[in-house]
>>> print(open('start.pdb').read())   # PDB, C-alpha atoms
MODEL        1
ATOM      1  CA  MET A   1       6.249  -1.542   1.272
ATOM      2  CA  ALA A   2       6.965   2.174   1.120
ATOM      3  CA  ASP A   3      10.528   3.265   1.868
ATOM      4  CA  TYR A   4       9.391   5.949   4.310
ATOM      5  CA  THR A   5       6.332   6.951   6.296
ATOM      6  CA  LEU A   6       5.781  10.687   6.543
ATOM      7  CA  TYR A   7       3.445  11.998   9.211
ATOM      8  CA  TYR A   8       2.306  15.435   8.086
ATOM      9  CA  TRP A   9      -0.968  17.264   7.576
ATOM     10  CA  PRO A  10      -2.632  17.270   4.137
ATOM     11  CA  VAL A  11      -1.159  20.642   3.129
ATOM     12  CA  PRO A  12       2.216  21.548   1.553
ATOM     13  CA  PHE A  13       3.925  23.871   4.088
ATOM     14  CA  ARG A  14       6.722  22.178   6.099
ATOM     15  CA  GLY A  15       5.936  18.723   4.790
ATOM     16  CA  GLU A  16       6.593  19.821   1.221
ATOM     17  CA  PHE A  17      10.346  20.110   1.801
ATOM     18  CA  ILE A  18      10.492  16.484   2.870
ATOM     19  CA  ARG A  19       8.235  15.358   0.032
ATOM     20  CA  ALA A  20      10.443  17.190  -2.476
ATOM     21  CA  ILE A  21      13.687  15.662  -1.198
ATOM     22  CA  LEU A  22      12.236  12.158  -1.203
ATOM     23  CA  ALA A  23      10.709  12.656  -4.668
ATOM     24  CA  HIS A  24      14.079  13.845  -5.962
ATOM     25  CA  GLN A  25      15.557  10.552  -4.771
ATOM     26  CA  GLY A  26      12.724   8.446  -6.187
ATOM     27  CA  ALA A  27      11.742   7.145  -2.740
ATOM     28  CA  MET A  28       8.332   5.603  -2.120
ATOM     29  CA  VAL A  29       6.464   7.391   0.662
ATOM     30  CA  GLU A  30       3.336   6.537   2.647
ATOM     31  CA  GLU A  31       1.412   9.337   4.370
ATOM     32  CA  PRO A  32      -1.034   8.304   7.116
ATOM     33  CA  ASP A  33      -4.312  10.186   7.458
ATOM     34  CA  ALA A  34      -5.091  12.950   9.947
ATOM     35  CA  ALA A  35      -6.495  10.498  12.499
ATOM     36  CA  ALA A  36      -3.223   8.553  12.538
ATOM     37  CA  ILE A  37      -1.250  11.789  12.847
ATOM     38  CA  GLY A  38      -3.399  12.825  15.800
ATOM     39  CA  SER A  39      -2.895   9.466  17.473
ATOM     40  CA  MET A  40       0.859   9.736  16.973
ATOM     41  CA  MET A  41       0.888  13.224  18.506
ATOM     42  CA  GLN A  42      -1.075  12.027  21.530
ATOM     43  CA  ALA A  43       1.047   8.940  22.111
ATOM     44  CA  ASP A  44       3.320   8.700  25.130
ATOM     45  CA  PRO A  45       6.740  10.017  24.061
ATOM     46  CA  ALA A  46       8.235   6.780  25.370
ATOM     47  CA  THR A  47       6.330   4.869  22.688
ATOM     48  CA  GLN A  48       6.740   7.279  19.754
ATOM     49  CA  PRO A  49       9.277   6.333  17.036
ATOM     50  CA  VAL A  50      11.174   9.426  18.181
ATOM     51  CA  PRO A  51       9.865  11.637  21.009
ATOM     52  CA  HIS A  52       8.250  14.689  19.433
ATOM     53  CA  MET A  53       5.493  17.271  19.877
ATOM     54  CA  ALA A  54       4.039  17.598  16.375
ATOM     55  CA  PRO A  55       4.661  16.656  12.735
ATOM     56  CA  PRO A  56       6.549  16.435  10.512
ATOM     57  CA  LEU A  57       7.829  13.035  11.547
ATOM     58  CA  LEU A  58       9.641  10.766   9.089
ATOM     59  CA  VAL A  59      10.172   7.051   9.662
ATOM     60  CA  ASP A  60      12.554   4.854   7.675
ATOM     61  CA  ASN A  61      10.450   1.737   7.295
ATOM     62  CA  ALA A  62      13.403  -0.580   6.738
ATOM     63  CA  SER A  63      15.452   0.405   9.787
ATOM     64  CA  GLY A  64      12.739   1.878  12.015
ATOM     65  CA  GLU A  65      14.834   5.012  12.487
ATOM     66  CA  ALA A  66      12.810   8.187  12.823
ATOM     67  CA  VAL A  67      13.447  11.932  12.956
ATOM     68  CA  ALA A  68      11.088  14.822  13.745
ATOM     69  CA  GLU A  69      11.318  18.581  13.038
ATOM     70  CA  MET A  70      11.662  19.804   9.461
ATOM     71  CA  PRO A  71      15.280  21.082   9.595
ATOM     72  CA  ALA A  72      16.502  17.908  11.319
ATOM     73  CA  ILE A  73      14.741  15.702   8.758
ATOM     74  CA  CYS A  74      16.237  17.714   5.894
ATOM     75  CA  PHE A  75      19.701  17.348   7.417
ATOM     76  CA  TRP A  76      19.203  13.595   7.880
ATOM     77  CA  LEU A  77      18.077  13.096   4.309
ATOM     78  CA  GLY A  78      20.693  15.486   2.971
ATOM     79  CA  GLN A  79      23.459  13.425   4.529
ATOM     80  CA  ARG A  80      21.859  10.100   3.629
ATOM     81  CA  PHE A  81      21.408  10.986  -0.035
ATOM     82  CA  GLY A  82      24.663  12.885  -0.556
ATOM     83  CA  LEU A  83      22.889  16.223  -1.012
ATOM     84  CA  MET A  84      25.184  18.151   1.342
ATOM     85  CA  PRO A  85      28.353  19.823   0.047
ATOM     86  CA  GLU A  86      31.494  18.051   1.215
ATOM     87  CA  GLU A  87      33.228  21.286   2.210
ATOM     88  CA  PRO A  88      32.263  22.067   5.843
ATOM     89  CA  HIS A  89      31.505  25.753   5.313
ATOM     90  CA  ARG A  90      29.241  25.091   2.323
ATOM     91  CA  SER A  91      27.545  22.297   4.248
ATOM     92  CA  ALA A  92      26.849  24.668   7.125
ATOM     93  CA  LEU A  93      25.463  27.249   4.693
ATOM     94  CA  ALA A  94      23.083  24.664   3.271
ATOM     95  CA  MET A  95      21.764  23.969   6.753
ATOM     96  CA  LYS A  96      21.510  27.703   7.413
ATOM     97  CA  LEU A  97      19.154  27.999   4.443
ATOM     98  CA  VAL A  98      16.987  25.186   5.806
ATOM     99  CA  ASN A  99      16.732  26.997   9.131
ATOM    100  CA  ASP A 100      16.099  30.299   7.353
ATOM    101  CA  ALA A 101      13.258  28.653   5.414
ATOM    102  CA  ASN A 102      11.784  27.403   8.669
ATOM    103  CA  ASP A 103      12.006  30.932  10.090
ATOM    104  CA  VAL A 104      10.216  32.375   7.054
ATOM    105  CA  LEU A 105       7.394  29.860   7.507
ATOM    106  CA  ASP A 106       7.098  30.744  11.198
ATOM    107  CA  GLU A 107       6.974  34.460  10.463
ATOM    108  CA  ILE A 108       4.512  34.395   7.582
ATOM    109  CA  THR A 109       2.102  32.276   9.626
ATOM    110  CA  LEU A 110       2.561  34.400  12.743
ATOM    111  CA  ASN A 111       4.092  31.507  14.661
ATOM    112  CA  GLY A 112       1.586  28.927  13.562
ATOM    113  CA  GLY A 113      -1.481  31.140  13.722
ATOM    114  CA  LYS A 114      -1.094  32.462  17.259
ATOM    115  CA  SER A 115      -2.664  35.609  15.822
ATOM    116  CA  MET A 116      -4.230  36.488  12.475
ATOM    117  CA  TRP A 117      -3.056  38.875   9.786
ATOM    118  CA  THR A 118      -4.596  42.329   9.547
ATOM    119  CA  GLU A 119      -3.994  44.891   6.826
ATOM    120  CA  SER A 120      -1.766  46.969   9.091
ATOM    121  CA  ALA A 121       0.198  43.973  10.360
ATOM    122  CA  TRP A 122       0.819  42.766   6.796
ATOM    123  CA  THR A 123       1.937  46.243   5.697
ATOM    124  CA  ASP A 124       4.371  46.368   8.611
ATOM    125  CA  TYR A 125       5.711  42.894   7.799
ATOM    126  CA  GLN A 126       6.393  43.388   4.096
ATOM    127  CA  PRO A 127       9.840  45.035   4.534
ATOM    128  CA  ARG A 128      10.973  42.024   6.547
ATOM    129  CA  LEU A 129       9.703  39.577   3.906
ATOM    130  CA  ARG A 130      11.539  41.596   1.257
ATOM    131  CA  ARG A 131      14.684  41.376   3.372
ATOM    132  CA  TRP A 132      14.370  37.585   3.471
ATOM    133  CA  MET A 133      14.240  37.657  -0.317
ATOM    134  CA  HIS A 134      17.326  39.905  -0.383
ATOM    135  CA  ILE A 135      19.137  37.442   1.882
ATOM    136  CA  TRP A 136      18.413  34.613  -0.555
ATOM    137  CA  GLU A 137      19.406  36.753  -3.540
ATOM    138  CA  ALA A 138      22.727  37.667  -1.898
ATOM    139  CA  THR A 139      23.329  33.981  -1.177
ATOM    140  CA  HIS A 140      22.635  33.188  -4.828
ATOM    141  CA  ALA A 141      24.886  36.039  -6.014
ATOM    142  CA  ARG A 142      27.808  34.684  -3.965
ATOM    143  CA  GLY A 143      27.619  31.386  -5.816
ATOM    144  CA  TRP A 144      26.317  29.353  -2.884
ATOM    145  CA  LEU A 145      23.373  28.003  -4.897
ATOM    146  CA  PRO A 146      25.196  26.746  -7.999
ATOM    147  CA  ALA A 147      22.957  25.722 -10.872
ATOM    148  CA  ASP A 148      25.053  22.638 -11.629
ATOM    149  CA  GLU A 149      24.314  21.091  -8.210
ATOM    150  CA  GLU A 150      21.043  19.411  -7.247
ATOM    151  CA  GLY A 151      21.666  19.607  -3.535
ATOM    152  CA  LEU A 152      19.720  20.252  -0.368
ATOM    153  CA  ALA A 153      20.108  24.034  -0.560
ATOM    154  CA  GLN A 154      18.722  24.169  -4.091
ATOM    155  CA  ILE A 155      15.780  21.863  -3.333
ATOM    156  CA  VAL A 156      14.866  23.776  -0.172
ATOM    157  CA  THR A 157      15.140  27.142  -1.936
ATOM    158  CA  ALA A 158      12.976  25.994  -4.842
ATOM    159  CA  THR A 159      10.420  24.499  -2.470
ATOM    160  CA  LEU A 160      10.168  27.521  -0.188
ATOM    161  CA  TRP A 161       9.787  30.214  -2.814
ATOM    162  CA  GLY A 162       8.250  28.049  -5.522
ATOM    163  CA  VAL A 163       5.415  26.606  -3.470
ATOM    164  CA  MET A 164       4.744  29.874  -1.632
ATOM    165  CA  THR A 165       4.430  31.929  -4.816
ATOM    166  CA  ASP A 166       2.483  29.185  -6.579
ATOM    167  CA  ARG A 167      -0.150  29.009  -3.840
ATOM    168  CA  LEU A 168       0.019  32.745  -3.083
ATOM    169  CA  PRO A 169       0.625  34.137  -6.589
ATOM    170  CA  ARG A 170       0.405  37.767  -5.508
ATOM    171  CA  LEU A 171       3.824  37.246  -3.897
ATOM    172  CA  ARG A 172       5.463  36.242  -7.191
ATOM    173  CA  PRO A 173       6.000  39.831  -8.454
ATOM    174  CA  MET A 174       7.660  40.700  -5.147
ATOM    175  CA  LEU A 175      10.042  37.744  -5.486
ATOM    176  CA  GLU A 176      10.889  38.648  -9.084
ATOM    177  CA  ALA A 177      11.587  42.259  -8.083
ATOM    178  CA  GLU A 178      13.581  41.570  -4.927
ATOM    179  CA  ALA A 179      15.322  38.299  -5.855
ATOM    180  CA  PRO A 180      15.309  37.783  -9.641
ATOM    181  CA  GLY A 181      18.160  35.272  -9.565
ATOM    182  CA  VAL A 182      16.366  33.194  -6.947
ATOM    183  CA  ALA A 183      13.129  33.359  -8.924
ATOM    184  CA  GLN A 184      14.902  32.018 -12.023
ATOM    185  CA  SER A 185      16.743  29.338 -10.036
ATOM    186  CA  THR A 186      13.500  28.315  -8.365
ATOM    187  CA  ASP A 187      11.787  27.889 -11.723
ATOM    188  CA  ARG A 188      14.693  25.885 -13.092
ATOM    189  CA  PHE A 189      14.794  23.437 -10.196
ATOM    190  CA  ARG A 190      11.028  23.120  -9.983
ATOM    191  CA  ALA A 191      11.123  22.077 -13.641
ATOM    192  CA  LEU A 192      13.310  19.038 -12.900
ATOM    193  CA  PRO A 193      11.257  15.928 -13.749
ATOM    194  CA  SER A 194      11.218  14.631 -10.180
ATOM    195  CA  LEU A 195      10.262  17.952  -8.605
ATOM    196  CA  SER A 196       7.797  18.804 -11.364
ATOM    197  CA  ALA A 197       6.006  15.492 -10.851
ATOM    198  CA  GLN A 198       5.970  16.026  -7.084
ATOM    199  CA  ALA A 199       4.514  19.521  -7.550
ATOM    200  CA  ARG A 200       1.728  18.158  -9.746
ATOM    201  CA  ASP A 201       0.961  15.453  -7.203
ATOM    202  CA  SER A 202       0.812  18.057  -4.439
ATOM    203  CA  ARG A 203      -1.555  20.209  -6.464
ATOM    204  CA  ASP A 204      -3.787  17.207  -7.161
ATOM    205  CA  ARG A 205      -3.847  16.214  -3.484
ATOM    206  CA  PHE A 206      -4.052  19.569  -1.749
ATOM    207  CA  GLY A 207      -5.474  21.963  -4.326
ATOM    208  CA  GLU A 208      -4.845  25.630  -3.545
ATOM    209  CA  ALA A 209      -3.991  25.018   0.118
ATOM    210  CA  TRP A 210      -0.613  26.130   1.422
ATOM    211  CA  CYS A 211      -0.458  26.195   5.236
ATOM    212  CA  GLY A 212      -4.148  25.655   5.983
ATOM    213  CA  GLY A 213      -6.453  26.831   8.741
ATOM    214  CA  ASP A 214      -7.580  30.291   9.743
ATOM    215  CA  ILE A 215      -4.085  31.719   9.370
ATOM    216  CA  GLU A 216      -4.104  30.934   5.648
ATOM    217  CA  LYS A 217      -7.541  32.524   5.327
ATOM    218  CA  SER A 218      -6.275  35.701   6.985
ATOM    219  CA  LEU A 219      -3.156  35.714   4.804
ATOM    220  CA  ARG A 220      -5.218  35.418   1.649
ATOM    221  CA  ARG A 221      -7.466  38.258   2.816
ATOM    222  CA  VAL A 222      -4.573  40.684   3.205
ATOM    223  CA  LEU A 223      -3.079  39.595  -0.110
TER     224      LEU A 223
ENDMDL
END
>>> encode(input="start.pdb", output="structure tokens")
Amino acid sequence: MADYTLYYWPVPFRGEFIRAILAHQGAMVEEPDAAAIGSMMQADPATQPVPHMAPPLLVDNASGEAVAEMPAICFWLGQRFGLMPEEPHRSALAMKLVNDANDVLDEITLNGGKSMWTESAWTDYQPRLRRWMHIWEATHARGWLPADEEGLAQIVTATLWGVMTDRLPRLRPMLEAEAPGVAQSTDRFRALPSLSAQARDSRDRFGEAWCGGDIEKSLRRVL
């Protein structure tokens, strides 16, 4: 039996953070199909493993414990697997990066595709995306993403910027220009055997897809 069941759509996006953490730990994961995900979403909250609106949802198959929402799942796994710094301030900073990553995903998909990208909207947004990269680079420069740690902050950073610029390669030059230290750190962590294997599996399963749907189509058009 798989160690965990992950309910998430067949695209990388938010689910990829969870997949990467579990792959780093060598956990076995089952992912139900879209029909099962839809059924779970429609279920009465009283009968769901944990009351939630939409995936990701992660279930520990041994205990039956479940957590929804990407940042909460990352925190749960980070504590469970010893991926959080022991010092409280550093631990809080790791969680800040998870929440920052979630914010970046919300912004670059226009809050889950509530509207579509246009040339003018993308031009207006680019300074803000560059600022997000500057925020990560400043975090890296302060030593809060040490290369000798394989923790939650490093995995989340590598997954956010690595997967985004792999699936949307026109963003890679921007990352290298605005956050060269983060780009190098991302490459280094993505090259770890566990994360490299997970990235290959994701590519095999999902192809070029990143977030999916019409919002990805509009994003690719403006890029």
>>> resolve_selection(input="start.pdb", expression="the PyMOL selection byres ((chain A and resi 198-213) around 8)", output="number ranges by chain")
A: 10-13, 19-20, 23, 109, 163-164, 167, 190, 194-197, 214-217
>>> write_last_selection(input="start.pdb", atoms="C-alpha atoms", output="tab-separated table (two decimals), in the frame of the given file")
chain	number	residue	atom	x	y	z
A	10	PRO	CA	-2.63	17.27	4.14
A	11	VAL	CA	-1.16	20.64	3.13
A	12	PRO	CA	2.22	21.55	1.55
A	13	PHE	CA	3.92	23.87	4.09
A	19	ARG	CA	8.24	15.36	0.03
A	20	ALA	CA	10.44	17.19	-2.48
A	23	ALA	CA	10.71	12.66	-4.67
A	109	THR	CA	2.10	32.28	9.63
A	163	VAL	CA	5.42	26.61	-3.47
A	164	MET	CA	4.74	29.87	-1.63
A	167	ARG	CA	-0.15	29.01	-3.84
A	190	ARG	CA	11.03	23.12	-9.98
A	194	SER	CA	11.22	14.63	-10.18
A	195	LEU	CA	10.26	17.95	-8.60
A	196	SER	CA	7.80	18.80	-11.36
A	197	ALA	CA	6.01	15.49	-10.85
A	214	ASP	CA	-7.58	30.29	9.74
A	215	ILE	CA	-4.08	31.72	9.37
A	216	GLU	CA	-4.10	30.93	5.65
A	217	LYS	CA	-7.54	32.52	5.33
>>> resolve_selection(input="start.pdb", expression="the PyMOL selection byres ((chain A and resi 94-108) around 8)", output="list in words")
Phe13, Arg14, Met70, Pro71, Cys74, Phe75, Met84, Pro85, Arg90, Ser91, Ala92, Leu93, Thr109, Leu110, Asn111, Gly112, Leu129, Trp132, Leu152, Ala153, Val156, Thr157 and Leu160 of chain A
>>> closest_residue(input="start.pdb", among="A:Leu223, A:Leu57, A:Ala46, A:Leu6", to="Pro32 of chain A", atoms="only C-alpha atoms")
A:Leu6
>>> closest_residue(input="start.pdb", among="A:Ile135, A:Ala177, A:Val222, A:Ala183", to="Thr159 of chain A", atoms="all atoms listed in the file")
A:Ala183
>>> closest_residue(input="start.pdb", among="A:Leu83, A:Gln126, A:Ala35, A:Glu30", to="Asn61 of chain A", atoms="all atoms listed in the file")
A:Glu30
>>> closest_residue(input="start.pdb", among="A:Leu219, A:Arg188, A:Lys114, A:Leu58", to="Phe17 of chain A", atoms="only C-alpha atoms")
A:Leu58
>>> residues_around(input="start.pdb", residues="His140 of chain A", least_positions_apart="4", cutoff="8 Å", atoms="all atoms listed in the file", output="PyMOL selection string")
chain A and resi 136+144-146+181-182
>>> closest_residue(input="start.pdb", among="A:Pro55, A:Thr47, A:Arg128, A:Phe189", to="Ala34 of chain A", atoms="only C-alpha atoms")
A:Pro55
>>> atom_distance(input="start.pdb", atom1="atom CA of Asp148 of chain A", atom2="atom CA of Met133 of chain A")
21.7 Å
>>> axis_aligned_box(input="start.pdb", around="segment 123-142 of chain A", padding_each_side="8 Å", output="lines of an AutoDock Vina configuration file")
center_x = 14.9
center_y = 39.8
center_z = 1.3
size_x = 41.9
size_y = 29.2
size_z = 30.6
>>> atom_distance(input="start.pdb", atom1="atom CA of His52 of chain A", atom2="atom CA of Trp9 of chain A")
15.2 Å
>>> atom_distance(input="start.pdb", atom1="atom CA of Glu86 of chain A", atom2="atom CA of Ala158 of chain A")
21.0 Å
>>> resolve_selection(input="start.pdb", expression="the PyMOL selection byres ((chain A and resi 172) around 12)", output="JSON, numbers by chain")
{"A": [130, 133, 161, 162, 163, 164, 165, 166, 167, 168, 169, 170, 171, 173, 174, 175, 176, 177, 178, 179, 180, 182, 183, 184, 186, 187, 223]}
>>> closest_residue(input="start.pdb", among="A:Pro45, A:Gly143, A:Gly64, A:Gly151", to="Leu77 of chain A", atoms="all atoms listed in the file")
A:Gly151
